[in-house]
>>> print(open('upload.cif').read())   # mmCIF, C-alpha atoms
data_input
loop_
_atom_site.label_atom_id
_atom_site.label_comp_id
_atom_site.auth_asym_id
_atom_site.auth_seq_id
_atom_site.Cartn_x
_atom_site.Cartn_y
_atom_site.Cartn_z
CA MET A 1 -45.29 -35.50 14.96
CA ASN A 2 -42.67 -35.03 12.25
CA ALA A 3 -45.09 -32.89 10.25
CA PHE A 4 -45.03 -30.45 13.17
CA VAL A 5 -41.40 -30.73 14.30
CA GLU A 6 -39.72 -30.34 10.92
CA PRO A 7 -41.23 -26.90 10.06
CA VAL A 8 -40.40 -25.67 13.58
CA ARG A 9 -36.82 -26.89 13.24
CA ALA A 10 -36.51 -25.33 9.78
CA LYS A 11 -37.84 -22.04 11.12
CA ALA A 12 -35.38 -22.11 14.03
CA GLU A 13 -32.47 -22.86 11.71
CA HIS A 14 -33.56 -20.05 9.39
CA GLU A 15 -33.77 -17.60 12.28
CA ALA A 16 -30.37 -18.69 13.58
CA GLY A 17 -28.88 -18.27 10.11
CA SER A 18 -30.46 -14.84 9.76
CA ALA A 19 -29.09 -13.81 13.15
CA GLU A 20 -25.57 -14.86 12.16
CA ALA A 21 -25.90 -13.05 8.83
CA SER A 22 -27.12 -9.90 10.58
CA LYS A 23 -24.24 -10.09 13.03
CA ALA A 24 -21.73 -10.49 10.19
CA LEU A 25 -23.19 -7.50 8.31
CA PHE A 26 -23.15 -5.40 11.48
CA GLN A 27 -19.46 -6.24 11.91
CA LEU A 28 -18.79 -5.20 8.31
CA MET A 29 -20.44 -1.86 8.99
CA MET A 30 -18.35 -1.37 12.12
CA GLY A 31 -15.19 -2.12 10.15
CA ALA A 32 -15.24 1.49 8.97
CA TRP A 33 -15.35 2.64 12.58
CA ALA A 34 -12.54 0.29 13.54
CA SER A 35 -10.25 1.63 10.83
CA GLN A 36 -10.96 5.21 11.92
CA ILE A 37 -10.24 4.40 15.56
CA THR A 38 -6.95 2.76 14.58
CA GLY A 39 -5.91 5.56 12.25
CA THR A 40 -6.80 8.28 14.75
CA LEU A 41 -4.85 6.70 17.61
CA ALA A 42 -1.89 6.30 15.24
CA ARG A 43 -2.21 9.89 13.98
CA LEU A 44 -2.26 11.24 17.54
CA ARG A 45 0.87 9.20 18.40
CA VAL A 46 -0.92 7.45 21.27
CA PHE A 47 1.00 4.22 20.66
CA ASP A 48 4.30 6.11 20.85
CA GLU A 49 3.32 7.42 24.28
CA ILE A 50 2.47 3.95 25.57
CA ALA A 51 5.81 2.66 24.26
CA GLN A 52 7.54 5.43 26.22
CA GLY A 53 5.91 4.28 29.46
CA HIS A 54 2.92 6.62 29.66
CA THR A 55 0.26 3.96 30.03
CA SER A 56 -2.88 5.64 31.40
CA ALA A 57 -5.39 7.60 29.36
CA ALA A 58 -5.01 10.52 31.78
CA ALA A 59 -1.22 10.64 31.44
CA ILE A 60 -1.31 10.33 27.65
CA ALA A 61 -4.07 12.92 27.34
CA GLY A 62 -2.09 15.37 29.45
CA ARG A 63 1.01 14.98 27.32
CA LEU A 64 -0.86 15.20 23.97
CA HIS A 65 -3.45 17.82 25.01
CA LEU A 66 -6.39 15.47 24.48
CA ASP A 67 -9.60 14.87 26.40
CA ALA A 68 -8.82 12.12 28.91
CA VAL A 69 -12.35 10.67 28.98
CA ALA A 70 -12.66 10.52 25.19
CA LEU A 71 -9.18 9.00 24.89
CA GLY A 72 -10.04 6.40 27.52
CA ARG A 73 -13.07 5.37 25.50
CA ALA A 74 -11.00 5.16 22.33
CA LEU A 75 -8.36 3.05 24.09
CA ARG A 76 -11.07 0.74 25.42
CA ALA A 77 -12.17 0.26 21.81
CA GLY A 78 -8.53 -0.21 20.82
CA ALA A 79 -8.25 -2.98 23.39
CA MET A 80 -11.26 -4.74 21.87
CA LEU A 81 -9.62 -4.43 18.44
CA GLY A 82 -6.38 -5.98 19.72
CA LEU A 83 -4.28 -2.82 19.41
CA VAL A 84 -3.62 -2.48 23.14
CA ARG A 85 -4.17 -4.59 26.25
CA ASP A 86 -5.98 -3.31 29.32
CA THR A 87 -3.62 -3.98 32.23
CA GLY A 88 -6.09 -2.87 34.89
CA ALA A 89 -6.15 0.26 37.07
CA GLY A 90 -6.56 2.41 33.97
CA GLY A 91 -3.36 1.29 32.28
CA PHE A 92 -2.74 0.00 28.76
CA ALA A 93 0.08 -1.99 27.18
CA LEU A 94 0.94 -2.46 23.52
CA THR A 95 0.08 -5.67 21.70
CA ALA A 96 2.13 -6.87 18.72
CA GLN A 97 -0.26 -4.97 16.44
CA GLY A 98 -0.06 -1.81 18.53
CA ALA A 99 3.74 -1.98 18.54
CA LEU A 100 3.70 -1.75 14.72
CA LEU A 101 1.76 1.50 15.06
CA CYS A 102 4.66 3.23 16.80
CA SER A 103 6.63 5.68 14.69
CA ASP A 104 10.20 4.48 14.83
CA VAL A 105 10.11 0.70 14.74
CA PRO A 106 11.10 -1.66 11.92
CA GLY A 107 8.07 -2.35 9.74
CA SER A 108 6.06 0.50 11.27
CA MET A 109 2.56 0.85 9.79
CA ARG A 110 1.69 4.04 11.69
CA ALA A 111 1.99 6.36 8.70
CA LEU A 112 0.05 4.02 6.43
CA LEU A 113 -2.90 3.74 8.84
CA ASP A 114 -2.76 7.51 9.38
CA ALA A 115 -2.77 8.31 5.66
CA GLU A 116 -5.45 5.82 4.66
CA THR A 117 -7.87 7.11 7.31
CA ALA A 118 -7.12 10.82 6.83
CA LYS A 119 -9.23 13.22 4.74
CA GLY A 120 -7.27 12.64 1.53
CA HIS A 121 -8.64 9.11 1.39
CA TRP A 122 -11.65 9.18 3.69
CA LEU A 123 -13.52 11.94 1.82
CA PRO A 124 -13.19 10.34 -1.64
CA TRP A 125 -14.31 6.99 -0.25
CA GLY A 126 -17.51 8.72 0.85
CA HIS A 127 -18.30 9.07 -2.87
CA LEU A 128 -17.88 5.42 -3.81
CA ASP A 129 -21.47 5.36 -5.06
CA ASP A 130 -20.52 7.97 -7.68
CA CYS A 131 -17.60 5.78 -8.76
CA ILE A 132 -19.93 2.83 -9.27
CA ARG A 133 -22.39 4.96 -11.23
CA THR A 134 -19.82 6.52 -13.55
CA GLY A 135 -16.83 4.18 -13.51
CA GLN A 136 -14.63 7.22 -12.87
CA THR A 137 -12.37 8.17 -9.97
CA VAL A 138 -13.85 10.77 -7.61
CA ALA A 139 -10.81 11.82 -5.59
CA ALA A 140 -10.12 15.08 -7.40
CA ALA A 141 -13.73 16.29 -7.38
CA SER A 142 -14.36 15.37 -3.75
CA LEU A 143 -11.13 17.03 -2.62
CA GLY A 144 -11.60 20.11 -4.81
CA VAL A 145 -8.30 19.72 -6.68
CA ALA A 146 -7.06 18.78 -10.15
CA ASP A 147 -5.80 15.43 -8.89
CA VAL A 148 -4.90 13.75 -5.61
CA TRP A 149 -1.24 14.74 -5.96
CA ASP A 150 -2.26 18.41 -5.98
CA TYR A 151 -4.18 17.78 -2.78
CA TYR A 152 -1.04 16.49 -1.11
CA LYS A 153 0.93 19.49 -2.36
CA GLU A 154 -1.67 21.77 -0.78
CA ASN A 155 -1.65 19.69 2.42
CA PRO A 156 2.07 18.93 2.85
CA ALA A 157 1.80 17.40 6.33
CA GLU A 158 -0.72 14.83 5.09
CA GLY A 159 1.33 14.40 1.93
CA LYS A 160 4.41 13.62 3.99
CA THR A 161 2.48 11.04 5.97
CA PHE A 162 1.19 9.46 2.76
CA SER A 163 4.75 9.21 1.41
CA GLU A 164 5.89 7.62 4.66
CA GLY A 165 2.98 5.19 4.42
CA MET A 166 3.96 4.21 0.89
CA SER A 167 7.50 3.65 2.14
CA GLY A 168 6.02 1.32 4.73
CA ILE A 169 4.25 -0.68 2.02
CA SER A 170 7.50 -0.74 0.09
CA ALA A 171 9.37 -2.12 3.10
CA MET A 172 6.73 -4.81 3.54
CA ALA A 173 6.95 -5.75 -0.14
CA ILE A 174 10.75 -5.83 -0.14
CA ALA A 175 10.81 -8.01 3.00
CA GLY A 176 8.58 -10.52 1.24
CA ILE A 177 10.48 -10.32 -2.03
CA ALA A 178 13.88 -10.74 -0.39
CA SER A 179 13.16 -14.29 0.73
CA THR A 180 11.56 -15.50 -2.50
CA TRP A 181 12.96 -13.66 -5.52
CA GLU A 182 16.53 -13.31 -6.72
CA PRO A 183 17.25 -10.45 -9.14
CA PRO A 184 18.58 -11.68 -12.49
CA PRO A 185 22.22 -10.83 -13.32
CA ALA A 186 22.57 -7.22 -14.47
CA ARG A 187 25.24 -4.55 -14.77
CA SER A 188 22.84 -1.59 -15.00
CA VAL A 189 19.59 -1.45 -13.02
CA VAL A 190 16.98 1.22 -13.75
CA ASP A 191 14.26 1.86 -11.15
CA VAL A 192 11.34 3.53 -12.94
CA GLY A 193 9.34 5.75 -10.59
CA GLY A 194 11.36 4.35 -7.70
CA ALA A 195 10.56 7.10 -5.16
CA HIS A 196 13.23 6.96 -2.43
CA GLY A 197 15.03 4.04 -4.08
CA ALA A 198 14.39 1.42 -1.39
CA PHE A 199 13.79 -1.37 -3.91
CA LEU A 200 16.75 -0.29 -6.03
CA SER A 201 18.97 -0.25 -2.94
CA TRP A 202 18.00 -3.82 -2.08
CA VAL A 203 18.58 -5.01 -5.67
CA LEU A 204 22.02 -3.39 -5.71
CA GLU A 205 22.87 -5.15 -2.45
CA CYS A 206 22.06 -8.41 -4.25
CA LEU A 207 24.11 -7.33 -7.29
CA PRO A 208 27.27 -5.76 -5.79
CA TYR A 209 28.88 -5.31 -9.22
CA ALA A 210 25.92 -3.34 -10.66
CA THR A 211 25.17 0.36 -10.85
CA GLY A 212 21.73 1.91 -10.63
CA VAL A 213 19.63 4.69 -12.10
CA LEU A 214 16.72 6.11 -10.12
CA LEU A 215 14.09 7.83 -12.27
CA ASP A 216 11.43 10.01 -10.69
CA LEU A 217 10.05 13.54 -10.60
CA PRO A 218 12.42 16.30 -9.40
CA HIS A 219 10.69 16.95 -6.05
CA VAL A 220 10.74 13.22 -5.27
CA LEU A 221 14.46 12.96 -5.97
CA ASP A 222 15.14 15.82 -3.57
CA SER A 223 14.15 13.52 -0.71
CA ALA A 224 15.52 10.37 -2.36
CA LYS A 225 19.13 11.51 -2.51
CA PRO A 226 19.66 11.55 1.27
CA ALA A 227 18.16 8.05 1.48
CA ILE A 228 20.50 6.79 -1.24
CA ALA A 229 23.45 8.35 0.54
CA ALA A 230 22.39 6.86 3.89
CA ALA A 231 22.35 3.43 2.23
CA GLY A 232 25.98 3.97 1.17
CA LEU A 233 25.05 3.91 -2.53
CA ALA A 234 25.66 7.50 -3.58
CA GLY A 235 28.60 6.38 -5.73
CA ARG A 236 26.59 3.64 -7.45
CA VAL A 237 23.25 5.34 -8.09
CA LYS A 238 22.54 8.14 -10.53
CA CYS A 239 19.34 10.10 -9.84
CA VAL A 240 17.61 11.18 -13.06
CA ALA A 241 14.66 13.58 -13.07
CA GLY A 242 12.09 12.69 -15.67
CA ASP A 243 8.60 11.58 -16.59
CA PHE A 244 8.09 7.89 -17.38
CA PHE A 245 5.25 8.84 -19.72
CA GLU A 246 7.82 10.58 -21.89
CA SER A 247 10.85 8.28 -21.73
CA VAL A 248 13.04 6.23 -19.40
CA PRO A 249 16.85 5.96 -19.26
CA ALA A 250 18.16 3.65 -21.98
CA GLY A 251 20.60 0.76 -21.88
CA GLY A 252 19.63 -0.95 -18.64
CA ASP A 253 19.91 -4.70 -18.17
CA LEU A 254 17.20 -4.79 -15.50
CA TYR A 255 14.23 -2.41 -15.22
CA LEU A 256 12.23 -2.24 -11.99
CA LEU A 257 8.58 -1.17 -11.80
CA LYS A 258 7.38 -1.59 -8.24
CA HIS A 259 3.74 -0.78 -7.57
CA ILE A 260 3.63 1.63 -10.54
CA LEU A 261 1.32 0.14 -13.15
CA HIS A 262 -1.63 -0.25 -10.78
CA ASP A 263 -1.89 3.55 -10.53
CA TRP A 264 -2.85 3.81 -14.20
CA ASP A 265 -5.44 2.63 -16.70
CA ASP A 266 -4.42 0.24 -19.46
CA GLY A 267 -3.61 2.99 -21.95
CA ARG A 268 -1.20 4.82 -19.68
CA ALA A 269 0.24 1.59 -18.27
CA ARG A 270 0.92 0.56 -21.86
CA THR A 271 2.74 3.86 -22.48
CA ILE A 272 5.02 3.27 -19.49
CA LEU A 273 5.81 -0.30 -20.55
CA SER A 274 6.36 0.77 -24.15
CA ASN A 275 8.92 3.35 -23.04
CA VAL A 276 10.66 0.67 -20.97
CA ALA A 277 10.65 -1.79 -23.88
CA THR A 278 12.18 0.86 -26.14
CA ALA A 279 14.92 1.66 -23.62
CA MET A 280 15.89 -1.92 -22.69
CA ALA A 281 19.27 -3.28 -23.73
CA PRO A 282 19.26 -6.54 -25.73
CA GLY A 283 18.44 -9.45 -23.42
CA ALA A 284 17.30 -7.14 -20.60
CA THR A 285 14.56 -8.03 -18.12
CA VAL A 286 11.77 -5.91 -16.67
CA ALA A 287 10.65 -6.90 -13.17
CA VAL A 288 7.19 -5.66 -12.23
CA VAL A 289 6.01 -5.85 -8.62
CA GLU A 290 2.24 -5.72 -8.17
CA LEU A 291 -0.67 -7.13 -6.25
CA LEU A 292 -2.40 -9.70 -8.46
CA ILE A 293 -6.10 -10.47 -8.47
CA PRO A 294 -6.51 -14.25 -8.20
CA GLU A 295 -8.11 -15.68 -11.31
CA ASP A 296 -9.85 -18.39 -9.27
CA GLY A 297 -11.77 -15.85 -7.19
CA SER A 298 -10.00 -16.66 -3.93
CA PRO A 299 -9.83 -13.91 -1.27
CA SER A 300 -6.99 -11.42 -1.65
CA PRO A 301 -6.22 -7.86 -0.46
CA SER A 302 -5.77 -7.01 -4.14
CA VAL A 303 -9.55 -7.12 -4.61
CA LEU A 304 -10.09 -4.36 -2.04
CA MET A 305 -7.05 -2.42 -3.27
CA ASP A 306 -8.67 -2.47 -6.70
CA ILE A 307 -11.63 -0.52 -5.30
CA ASN A 308 -9.21 1.92 -3.66
CA MET A 309 -7.74 2.50 -7.12
CA LEU A 310 -11.25 3.08 -8.51
CA VAL A 311 -11.88 5.73 -5.86
CA MET A 312 -8.49 7.45 -5.77
CA LEU A 313 -6.75 7.06 -9.13
CA PRO A 314 -7.38 6.06 -12.75
CA GLY A 315 -5.76 2.69 -12.08
CA LYS A 316 -6.67 -0.86 -11.14
CA GLU A 317 -5.27 -4.17 -9.94
CA ARG A 318 -4.93 -6.89 -12.57
CA THR A 319 -4.86 -10.64 -13.00
CA VAL A 320 -1.81 -12.47 -14.38
CA PHE A 321 -3.64 -12.80 -17.70
CA GLU A 322 -4.32 -9.07 -17.86
CA MET A 323 -0.68 -8.32 -17.06
CA GLU A 324 0.43 -10.77 -19.74
CA GLN A 325 -1.80 -8.98 -22.25
CA LEU A 326 -0.32 -5.61 -21.28
CA PHE A 327 3.21 -6.92 -21.78
CA ALA A 328 2.35 -8.50 -25.13
CA SER A 329 0.81 -5.25 -26.41
CA VAL A 330 4.26 -3.58 -26.29
CA GLY A 331 6.35 -6.52 -27.48
CA LEU A 332 7.23 -8.01 -24.10
CA ALA A 333 6.75 -11.64 -23.12
CA LEU A 334 5.94 -12.65 -19.55
CA PHE A 335 8.10 -15.64 -18.65
CA ARG A 336 7.99 -15.89 -14.85
CA VAL A 337 5.67 -15.01 -11.96
CA VAL A 338 7.00 -15.27 -8.40
CA GLN A 339 4.56 -15.15 -5.48
CA THR A 340 6.43 -13.61 -2.57
CA HIS A 341 6.03 -13.91 1.20
CA SER A 342 3.84 -10.80 1.05
CA PRO A 343 0.69 -9.82 -0.86
CA PHE A 344 2.92 -8.83 -3.81
CA SER A 345 4.16 -10.84 -6.78
CA VAL A 346 7.12 -10.28 -9.11
CA LEU A 347 6.48 -10.65 -12.84
CA GLU A 348 9.48 -10.90 -15.16
CA ALA A 349 9.25 -10.13 -18.87
CA ARG A 350 11.65 -9.73 -21.80
CA LYS A 351 11.39 -8.49 -25.35
CA VAL A 352 9.86 -10.98 -27.75
#
>>> encode(input="upload.cif", output="structure tokens")
Amino acid sequence: MNAFVEPVRAKAEHEAGSAEASKALFQLMMGAWASQITGTLARLRVFDEIAQGHTSAAAIAGRLHLDAVALGRALRAGAMLGLVRDTGAGGFALTAQGALLCSDVPGSMRALLDAETAKGHWLPWGHLDDCIRTGQTVAAASLGVADVWDYYKENPAEGKTFSEGMSGISAMAIAGIASTWEPPPARSVVDVGGAHGAFLSWVLECLPYATGVLLDLPHVLDSAKPAIAAAGLAGRVKCVAGDFFESVPAGGDLYLLKHILHDWDDGRARTILSNVATAMAPGATVAVVELLIPEDGSPSPSVLMDINMLVMLPGKERTVFEMEQLFASVGLALFRVVQTHSPFSVLEARKV
């Protein structure tokens, strides 16, 4: 009897395992569809309409000049994904996730989802196989530009959304950092490639006696200055146009590099850090904020972000050991790593 039952049981277990594996792979495939549905509904401002009380597909479609039937199907999919809740009689309400896809709410992720599912990212990701074959980024070639930044210059609306999305990531990182990391004492804080200065503004709130320097490209500073003024820091922050591959402002006690090094390969990351090391005042600290790849192989969003870097830019995510090696190559010693209440970590280093 056992000679017959055991093979049958083994076969049934194998078939059940295969069915579960097939289901899991099918869900992975549909993940691409799910991200596009989410990004499209965010891009079309559908969640904003629901928040304003226009809850039916017909009403939203009329206001946004969309096809009501197609929108209804997309909202049904959005309900399955947990973005909205079907209230019956053709109406939809926002879930907690959907609320974060509205435009003007604290912690909004609308722009980020829009940017990451728009052509500037979606088209290059379609050439991931070329990245794996060559080890080179494909964004420029697939978009028909010199680099991805030129693409955003040629497509300013999408570029604006991308910038807003990066600000959203910055806000998420700062929220996590604020509850876990305390900036070291400093009189002069230099934010290298600090964009709109959100991180610098938070650090200066923590260090009310300090002044700040915001270094970035001229066109970035044009939009940063109003943000600095709105934060009430115009008298404490000096905006300096420059290129961190050439030099950074000298004499700072604390240098900030938030989500900068991951954009670049080791050679160019080393150049940035070398310029910082040269500019640092005696006893100064450099604080680097990055996603870190776990050295024990545990799951982390940094692993997927690393592939995004492979596709889009000549950069990569790194382990703590790899970051430590980068620091050491320019005469800096890593002395502290702080895991924040976000996917980001803060690494502090000083001159050897």
>>> residues_around(input="upload.cif", residues="region 329-334 of chain A", least_positions_apart="4", cutoff="10 Å", atoms="all atoms listed in the file", output="ChimeraX atom specification")
/A:270-278,285-287,320-321,323-325,347-352
>>> residues_around(input="upload.cif", residues="region 190-206 of chain A", least_positions_apart="4", cutoff="6 Å", atoms="all atoms listed in the file", output="PyMOL selection string")
chain A and resi 212-216+224+252+255-257
>>> write_last_selection(input="upload.cif", atoms="C-alpha atoms", output="CSV table (one decimal), in the coordinates of the input")
chain,number,residue,atom,x,y,z
A,212,GLY,CA,21.7,1.9,-10.6
A,213,VAL,CA,19.6,4.7,-12.1
A,214,LEU,CA,16.7,6.1,-10.1
A,215,LEU,CA,14.1,7.8,-12.3
A,216,ASP,CA,11.4,10.0,-10.7
A,224,ALA,CA,15.5,10.4,-2.4
A,252,GLY,CA,19.6,-1.0,-18.6
A,255,TYR,CA,14.2,-2.4,-15.2
A,256,LEU,CA,12.2,-2.2,-12.0
A,257,LEU,CA,8.6,-1.2,-11.8
>>> resolve_selection(input="upload.cif", expression="the PyMOL selection byres ((chain A and resi 312) around 7)", output="list in words")
Pro124, Thr137, Val138, Ala139, Asn308, Met309, Leu310, Val311 and Leu313 of chain A
>>> closest_residue(input="upload.cif", among="A:Gly62, A:Gly242, A:Gly39, A:Pro299", to="Leu101 (chain A)", atoms="all atoms listed in the file")
A:Gly39
>>> residues_around(input="upload.cif", residues="region 78-89 of chain A", least_positions_apart="6", cutoff="8 Å", atoms="only C-alpha atoms", output="list of chain:residue names")
A:Ala34, A:Ile37, A:Thr38, A:Thr95, A:Ala96, A:Gln97, A:Gly98
>>> closest_residue(input="upload.cif", among="A:Asp266, A:Lys153, A:Gly17, A:Met305", to="Glu116 (chain A)", atoms="only C-alpha atoms")
A:Met305
>>> closest_residue(input="upload.cif", among="A:Leu292, A:Leu41, A:Ile228, A:Ala234", to="Ala77 (chain A)", atoms="all atoms listed in the file")
A:Leu41
>>> atom_distance(input="upload.cif", atom1="CA of Phe245 (chain A)", atom2="CA of Ala279 (chain A)")
12.7 Å
>>> closest_atom_pairs(input="upload.cif", of="region 101-127 of chain A", to="region 165-173 of chain A", cutoff="7 Å", atoms="only C-alpha atoms", output="tab-separated table")
residue	atom	partner	partner_atom	distance
A:Gly107	CA	A:Gly168	CA	6.5
A:Ser108	CA	A:Gly168	CA	6.6
A:Met109	CA	A:Gly168	CA	6.1
A:Ala111	CA	A:Gly165	CA	4.5
A:Leu112	CA	A:Gly165	CA	3.7
A:Ala115	CA	A:Gly165	CA	6.7
>>> write_last_selection(input="upload.cif", atoms="C-alpha atoms", output="tab-separated table (two decimals), in the frame of the given file")
chain	number	residue	atom	x	y	z
A	107	GLY	CA	8.07	-2.35	9.74
A	108	SER	CA	6.06	0.50	11.27
A	109	MET	CA	2.56	0.85	9.79
A	111	ALA	CA	1.99	6.36	8.70
A	112	LEU	CA	0.05	4.02	6.43
A	115	ALA	CA	-2.77	8.31	5.66
>>> atom_distance(input="upload.cif", atom1="CA of Pro218 (chain A)", atom2="CA of Ala269 (chain A)")
21.1 Å
>>> closest_residue(input="upload.cif", among="A:Leu304, A:Ala175, A:Ile260, A:Val240", to="His341 (chain A)", atoms="only C-alpha atoms")
A:Ala175
>>> atom_distance(input="upload.cif", atom1="CA of Asp263 (chain A)", atom2="CA of Arg133 (chain A)")
20.6 Å
>>> residues_around(input="upload.cif", residues="region 67-70 of chain A", least_positions_apart="2", cutoff="6 Å", atoms="all atoms listed in the file", output="number ranges by chain")
A: 57-58, 61, 72-73
>>> closest_residue(input="upload.cif", among="A:Gly235, A:Arg318, A:Leu261, A:Gly159", to="Val220 (chain A)", atoms="all atoms listed in the file")
A:Gly159
>>> resolve_selection(input="upload.cif", expression="the PyMOL selection byres ((chain A and resi 55) around 10)", output="number ranges by chain")
A: 46-47, 49-54, 56-60, 86-87, 90-94
>>> build_atoms(input="upload.cif", residues="region 74-94 of chain A", atoms="N, CA and C atoms", output="compact mmCIF listing (two decimals), keeping the file's coordinate frame")
# COMPACT_ATOMS: atom_id res chain seq x y z
N ALA A 74 -11.64 5.62 23.57
CA ALA A 74 -11.00 5.16 22.33
C ALA A 74 -10.02 4.02 22.62
N LEU A 75 -9.29 4.12 23.74
CA LEU A 75 -8.36 3.05 24.09
C LEU A 75 -9.10 1.78 24.49
N ARG A 76 -10.25 1.92 25.13
CA ARG A 76 -11.07 0.74 25.42
C ARG A 76 -11.47 0.04 24.12
N ALA A 77 -11.86 0.84 23.12
CA ALA A 77 -12.17 0.26 21.81
C ALA A 77 -10.93 -0.35 21.18
N GLY A 78 -9.78 0.32 21.35
CA GLY A 78 -8.53 -0.21 20.82
C GLY A 78 -8.17 -1.54 21.44
N ALA A 79 -8.51 -1.71 22.72
CA ALA A 79 -8.25 -2.98 23.39
C ALA A 79 -9.12 -4.08 22.79
N MET A 80 -10.38 -3.76 22.49
CA MET A 80 -11.26 -4.74 21.87
C MET A 80 -10.76 -5.13 20.49
N LEU A 81 -10.13 -4.17 19.79
CA LEU A 81 -9.62 -4.43 18.44
C LEU A 81 -8.26 -5.11 18.45
N GLY A 82 -7.66 -5.31 19.63
CA GLY A 82 -6.38 -5.98 19.72
C GLY A 82 -5.18 -5.08 19.52
N LEU A 83 -5.38 -3.76 19.61
CA LEU A 83 -4.28 -2.82 19.41
C LEU A 83 -3.51 -2.59 20.72
N VAL A 84 -4.23 -2.63 21.82
CA VAL A 84 -3.62 -2.48 23.14
C VAL A 84 -4.26 -3.52 24.07
N ARG A 85 -3.66 -3.66 25.24
CA ARG A 85 -4.17 -4.59 26.25
C ARG A 85 -4.43 -3.81 27.54
N ASP A 86 -5.62 -3.96 28.06
CA ASP A 86 -5.98 -3.31 29.32
C ASP A 86 -5.29 -4.04 30.47
N THR A 87 -4.39 -3.36 31.15
CA THR A 87 -3.62 -3.98 32.23
C THR A 87 -4.27 -3.79 33.59
N GLY A 88 -5.43 -3.13 33.63
CA GLY A 88 -6.09 -2.87 34.89
C GLY A 88 -5.65 -1.54 35.48
N ALA A 89 -6.46 -1.01 36.39
CA ALA A 89 -6.15 0.26 37.07
C ALA A 89 -5.92 1.39 36.08
N GLY A 90 -6.63 1.32 34.94
CA GLY A 90 -6.56 2.41 33.97
C GLY A 90 -5.35 2.40 33.07
N GLY A 91 -4.56 1.34 33.11
CA GLY A 91 -3.36 1.29 32.28
C GLY A 91 -3.54 0.45 31.02
N PHE A 92 -2.70 0.73 30.03
CA PHE A 92 -2.74 0.00 28.76
C PHE A 92 -1.32 -0.36 28.33
N ALA A 93 -1.20 -1.53 27.71
CA ALA A 93 0.08 -1.99 27.18
C ALA A 93 -0.10 -2.28 25.69
N LEU A 94 0.99 -2.21 24.95
CA LEU A 94 0.94 -2.46 23.52
C LEU A 94 0.85 -3.96 23.23
